[in-house]
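Read the structure below first, then the notes.
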Amino acid sequence: MVTAATSLGRSGLHDWLIQRLSAVVMLAYVLYLLAYLVGAYMVQPELSFGVWQGFFARPLGKISSLLVIVAVVAHAWVGIWTVLTDYVKPVAVRLVLQCLLIVGCFGLLFWGFIILWGV
Amino acid sequence: MAITSILHRISGIVLFLGLPALLYMLQQSLASEASFAELKDCLAAAWAKVALWLLLSAVAFHVIAGVRHLIMDLGHLESKEGGHQAASIVLVLFAIAAVLLGVFLW
């Protein structure tokens, strides 16, 4: 089936798990980043470059940010794939869009890595 | 309610389309102190604030509605009444989050 050929997990159950796992990873990250920013806000309301960059520079911040880029891209792949499968019925158009989605997701993944790696 | 379900989908599409903008801002904010300051100046413009507020609100909605989905996956809130209540809670929490984001940005 064409639909299964472009999905990230190759099966609905696999996709289902990827979507939940990536969601939990992102949720934990959002809470972690929010806690950091609120903590910084208590000390000094104006967000400085040092405080902002400091989050991404420390090992835990950097590793979790890289992890979350992977989670975002996987989540987007599964989510947008589902939306395209639901609404774009002509198979040829859908295949092209889903291939573009895959290329786009890898592009965003590498861009995210480039941004975060050297911080 | 169906409204939170379709909004979850729409906010997800918006976020995917907004990803390049979010990554670009992340890049500029981390590249150097100068680019950080430059980005801050750009985001001081009213239209930029509104755009960023919309994007961050979409994040907030997607996260809150997503948590509802995760709770439902665990087998809760599946009755009609519970589902209605949960959807109302999602909308209320989202309204609070959107206001807080607005306060933070302005």
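Going by the structure tokens order, chains are called A, B, ..., each with residues numbered from 1, while ligands are numbered from 1 in the order shown.
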Spatial neighbours of Phe49 in chain A, 8 Å, only C-alpha atoms, chain gap at least 2 places, as an mmCIF file with C-alpha atoms, in the first residue's frame:
```
data_model
loop_
_atom_site.group_PDB
_atom_site.id
_atom_site.type_symbol
_atom_site.label_atom_id
_atom_site.label_comp_id
_atom_site.auth_asym_id
_atom_site.auth_seq_id
_atom_site.Cartn_x
_atom_site.Cartn_y
_atom_site.Cartn_z
ATOM 1 C CA LEU A 47 15.419 37.855 29.480
ATOM 2 C CA VAL A 51 20.282 33.321 30.502
ATOM 3 C CA TRP A 52 18.633 32.189 27.255
ATOM 4 C CA GLN A 53 21.801 30.786 25.734
ATOM 5 C CA SER B 29 18.519 33.946 19.362
ATOM 6 C CA LEU B 30 21.450 31.591 19.911
ATOM 7 C CA GLU B 33 24.576 38.368 21.541
ATOM 8 C CA PHE B 36 19.828 37.990 19.922
ATOM 9 C CA ALA B 37 19.422 41.745 20.373
#
```
Open item on the list: Select, as a ChimeraX atom specification, those residues of chain B with any atom no more than 8 Å from chain A (distances computed using only C-alpha atoms).
Closed with: /B:9,12-13,16,20,23,26-27,29-31,33,36-37,63,66,70
- [ ] Return the single residue from A:His14, A:Leu33, A:Tyr87, A:Val78 that is closest to Gly61 in chain A, with distances computed using only C-alpha atoms.
- [x]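 Nearest to Gly61 in chain A: A:Leu33.
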- [ ] Pick out the closest residue to Val67 in chain B from this set: A:Leu60, A:Ala28, A:Val68, A:Ile102. Count only C-alpha atoms.
- [x]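 Of A:Leu60, A:Ala28, A:Val68, A:Ile102, the one nearest Val67 in chain B is A:Ala28, counting only C-alpha atoms.
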TODO: Name all residues at most 7 Å from range 80-95 of chain B (count only C-alpha atoms; drop same-chain ones fewer than 6 positions away) and give them as a ChimeraX atom specification.
DONE: /B:1,4,60-61,64-65
TODO: Find the distance between CA of Thr6 in chain A and CA of Val96 in chain A and write it in Å to one decimal.
DONE: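 One can read the CA of Thr6 in chain A to CA of Val96 in chain A distance as 9.9 Å.
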Open item on the list: I'd like the interatomic distance between CA of Leu39 in chain B and CA of Met25 in chain B, to a tenth of an Å.
Closed with: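 Answer for the CA of Leu39 in chain B to CA of Met25 in chain B separation: 7.2 Å.
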Task: Of the listed residues B:Ile96, B:Leu19, B:Ala51, B:Ala45, that which approaches Leu109 in chain A most closely, counting only C-alpha atoms - done: B:Leu19
TODO: Grab the CA of Thr85 in chain A to CA of Leu74 in chain B distance for me, in Å with one decimal place.
DONE: 25.8 Å
